[in-house]
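First up is the structure itself, then whatever we jot down about it.
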Amino acid sequence: MRRRWIEALLALAFVCIGGLGSASASPLRGLWQFVPNSQSFWDNSKHWTSNWGPAYRDTLQEPSQLLACTSQFALCFHSGAEPYPCKLSQNGRSADCQCTVATDTNYTLADAILNYQIYLVTLNVCGQDGSGCPNPGDAPVCSFLNNGALIPGADVISTFDTAAHDSLVNAIHIGTSAITICPKGPYAACMTAPCRLNKDGDTASCKCPVFYGKFQLVGAGAQCSLGGNLVPSAAYIPLLDDNPND
C-alpha cells in the first residue's frame, strides 16, 4: 500500500513538473498586452484613437502618421504564415507572432500606440496627422522603443521597417490595385506590440492584439485566410475602403 502511494505521488510530481515546464516554455507568459493592460479600456470608444476603432486596429489614415524612429525593433509586417506564424490565442484576443528583429530606421503608426499616455504625449507633439514630427526621433514615442520600454516586460517593440513603410505609402498613392482587400475577420494588429527576444537574437515572439474587422494586405500572394489557428498580420487603410463605415 505504501509503495502504491509513493508511486502515485511520484506520478503526480512528474505531471506537475511537466505542466510547469510547458507553461514556462511560452516566452510571452505574463507579458502585458498594452498600457493600461485592460481590454475594456481600449474597447471603450472614449479611448479610440480614430473614428474606425481602437489603437489595436492599426488604422493608417495618411502617410505622415508613420513616425520615423531609430532603434532596435521587431518586424511583424510579413508574419502570419510559416516561417513566421501568428498563432491565435485560445480566447481569440491576441496572437503569438514570430517576427524578425533589426536595428535601423523604423516607423511607428501614430494611431496605433499601445501605451495610452505615450500616445497622448505623441499626439500633442506631433499632431493628429503626425506632420509635427517629420524627422527621425522627433516623436516622443521613439524614446520608449529601446529595450521595450513602451510595454512592461517587453524586450523589443514591433514597428514597420522602411520597406513596409514604402509599401503602405505606395498603396495609398496607387489605390486598391496595390493591395489585397479582405472581408471582416481576425487579424494580428502588431504595431507597437510587445515582444521578447528569442534565443537566436534575430527573431522575437510578439504578443499582437487581434482585431475583428475588414483589413488590407500588401505584397504578392497575400492571403486573407491562412487556415487552422493562423491569422495574418495586417493593417486597415480607410482611404482604400469603399465603405469604411460598414
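Residues are referred to by chain and number: the chain letter is A, B, ... according to the order shown in the C-alpha cells, the number counts from 1 in that chain, and ligands are numbered separately from 1 in the order shown.
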
Nearby residues (only C-alpha atoms) at most 9 Å from A:Val218, same-chain spacing under 2 positions excluded, as a list in words =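 Answer for this query is Ala164, Ser167, Leu168, Ala171, Ala178, Ile179, Thr180, Gln216, Ala220, Gly221, Ala222 and Ala234 of chain A.
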
With stretch 42-65 of chain A as the partner and 8 Å as the cut-off, tabulate the residues of stretch 130-176 of chain A that qualify, each row holding the nearest pair of atoms and their distance in Å to one decimal, using only C-alpha atoms, sorted by chain and rising number, as a Markdown table.
```
| residue | atom | partner | partner_atom | distance |
| --- | --- | --- | --- | --- |
| A:Gly130 | CA | A:Gln65 | CA | 4.5 |
| A:Ser131 | CA | A:Ser64 | CA | 5.6 |
| A:Pro134 | CA | A:Ser64 | CA | 7.7 |
| A:Leu168 | CA | A:Pro63 | CA | 7.9 |
| A:Val169 | CA | A:Pro63 | CA | 5.8 |
| A:Ile172 | CA | A:Glu62 | CA | 7.8 |
```

Can you tell me, as an MDAnalysis selection string, what residues are no more than 6 Å from stretch 93-96 of chain A when counting only C-alpha atoms, ignoring any on the same chain fewer than 3 positions away?
-> chainID A and resid 86:89 206:210

Contact residues around A:Pro85 with only C-alpha atoms at 10 Å, ignoring same-chain residues under 3 positions, as a ChimeraX atom specification = /A:76,78-82,88,95-99,205,226,229-233

Save the residues we just selected, C-alpha atoms, as a PDB file, in the first residue's frame?
```
ATOM      1  CA  CYS A  76       5.882  41.511 -37.924  1.00  0.00           C
ATOM      2  CA  HIS A  78       5.004  39.852 -43.124  1.00  0.00           C
ATOM      3  CA  SER A  79       4.119  37.471 -40.285  1.00  0.00           C
ATOM      4  CA  GLY A  80       1.125  35.176 -40.331  1.00  0.00           C
ATOM      5  CA  ALA A  81       2.087  32.003 -42.184  1.00  0.00           C
ATOM      6  CA  GLU A  82       5.216  29.911 -41.755  1.00  0.00           C
ATOM      7  CA  LEU A  88      -4.316  32.824 -32.426  1.00  0.00           C
ATOM      8  CA  ALA A  95      -1.788  36.210 -31.451  1.00  0.00           C
ATOM      9  CA  ASP A  96       1.682  34.868 -30.741  1.00  0.00           C
ATOM     10  CA  CYS A  97       3.629  36.096 -33.771  1.00  0.00           C
ATOM     11  CA  GLN A  98       7.163  35.195 -34.771  1.00  0.00           C
ATOM     12  CA  CYS A  99       8.916  38.266 -36.161  1.00  0.00           C
ATOM     13  CA  SER A 205       7.963  36.375 -30.123  1.00  0.00           C
ATOM     14  CA  LEU A 226      -4.437  31.170 -43.557  1.00  0.00           C
ATOM     15  CA  ASN A 229      -5.256  28.830 -35.909  1.00  0.00           C
ATOM     16  CA  LEU A 230      -3.113  31.194 -38.011  1.00  0.00           C
ATOM     17  CA  VAL A 231      -4.014  34.813 -38.715  1.00  0.00           C
ATOM     18  CA  PRO A 232      -2.274  37.350 -40.972  1.00  0.00           C
ATOM     19  CA  SER A 233      -0.535  40.434 -39.651  1.00  0.00           C
TER      20      SER A 233
END
```

How would you write, as a compact mmCIF listing (two decimals) with C-alpha atoms, in the first residue's frame, the set of residues in stretch 6-238 of chain A that DSSP gives as strand (DSSP E or B)?
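Wrote states03.txt, looks like this:
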```txt
# COMPACT_ATOMS: atom_id res chain seq x y z
CA VAL A 35 -0.88 50.06 -21.15
CA SER A 50 -9.51 57.08 -34.69
CA GLY A 53 -11.78 51.86 -33.83
CA THR A 59 -5.56 52.27 -38.77
CA LEU A 66 4.13 56.93 -39.89
CA LEU A 67 6.62 58.43 -37.43
CA ALA A 68 10.30 57.73 -38.05
CA CYS A 69 12.45 56.40 -35.20
CA THR A 70 15.89 54.79 -34.92
CA SER A 71 16.08 51.79 -32.61
CA GLN A 72 16.02 48.05 -32.39
CA PHE A 73 12.59 46.80 -33.45
CA ALA A 74 10.64 43.69 -34.35
CA LEU A 75 9.16 43.44 -37.83
CA GLY A 80 1.12 35.18 -40.33
CA PRO A 85 3.48 32.31 -37.96
CA CYS A 86 0.90 34.27 -35.99
CA LYS A 87 -0.97 31.77 -33.82
CA LEU A 88 -4.32 32.82 -32.43
CA SER A 94 -4.19 38.06 -29.18
CA ALA A 95 -1.79 36.21 -31.45
CA ASP A 96 1.68 34.87 -30.74
CA CYS A 97 3.63 36.10 -33.77
CA GLN A 98 7.16 35.20 -34.77
CA CYS A 99 8.92 38.27 -36.16
CA THR A 100 12.36 39.26 -37.39
CA VAL A 101 14.50 41.74 -35.44
CA ALA A 102 16.65 44.60 -36.77
CA THR A 103 18.22 47.87 -35.67
CA ASP A 104 17.61 50.64 -38.19
CA THR A 105 15.18 53.38 -39.12
CA ASN A 106 11.68 52.16 -38.33
CA TYR A 107 8.21 53.66 -38.31
CA THR A 108 5.56 53.85 -35.59
CA LEU A 109 1.95 54.35 -36.66
CA ASN A 115 0.53 52.86 -24.36
CA VAL A 156 11.64 44.99 -28.10
CA ILE A 157 8.62 46.63 -29.76
CA SER A 158 7.03 45.78 -33.10
CA THR A 159 7.01 48.56 -35.73
CA PHE A 160 7.44 48.87 -39.53
CA THR A 180 -5.47 42.65 -51.26
CA ILE A 181 -8.80 43.67 -49.72
CA CYS A 182 -10.02 41.27 -47.04
CA PRO A 183 -13.54 40.88 -45.62
CA LYS A 184 -14.28 41.12 -41.92
CA GLY A 185 -12.23 38.63 -39.98
CA PRO A 186 -9.49 38.30 -37.37
CA TYR A 187 -6.05 39.73 -38.00
CA ALA A 188 -2.98 40.45 -35.89
CA PRO A 194 5.35 43.93 -27.00
CA CYS A 195 7.91 41.26 -27.90
CA ARG A 196 10.51 39.11 -26.22
CA LEU A 197 13.71 38.21 -27.99
CA THR A 203 13.83 36.89 -34.09
CA ALA A 204 11.26 37.70 -31.43
CA SER A 205 7.96 36.38 -30.12
CA CYS A 206 5.40 39.17 -30.16
CA LYS A 207 2.05 39.39 -28.41
CA CYS A 208 -0.09 41.11 -31.06
CA PRO A 209 -3.66 42.20 -30.32
CA VAL A 210 -6.25 40.70 -32.64
CA PHE A 211 -8.90 42.87 -34.25
CA TYR A 212 -12.01 41.51 -35.96
CA GLY A 213 -12.89 43.66 -38.97
CA LYS A 214 -12.02 44.50 -42.56
CA PHE A 215 -8.33 44.79 -43.37
CA GLN A 216 -5.88 45.06 -46.25
CA LEU A 217 -2.66 43.26 -47.14
CA LEU A 230 -3.11 31.19 -38.01
CA SER A 233 -0.54 40.43 -39.65
CA ALA A 235 -3.46 46.99 -41.08
CA TYR A 236 -6.51 48.99 -42.12
```

note - atom CA of A:Thr192 and atom CA of A:Ala112 are separated by 6.9 Å

Quick one: pull the distance between atom CA of A:Thr162 and atom CA of A:Phe77, Å, one decimal.
-> 11.0 Å
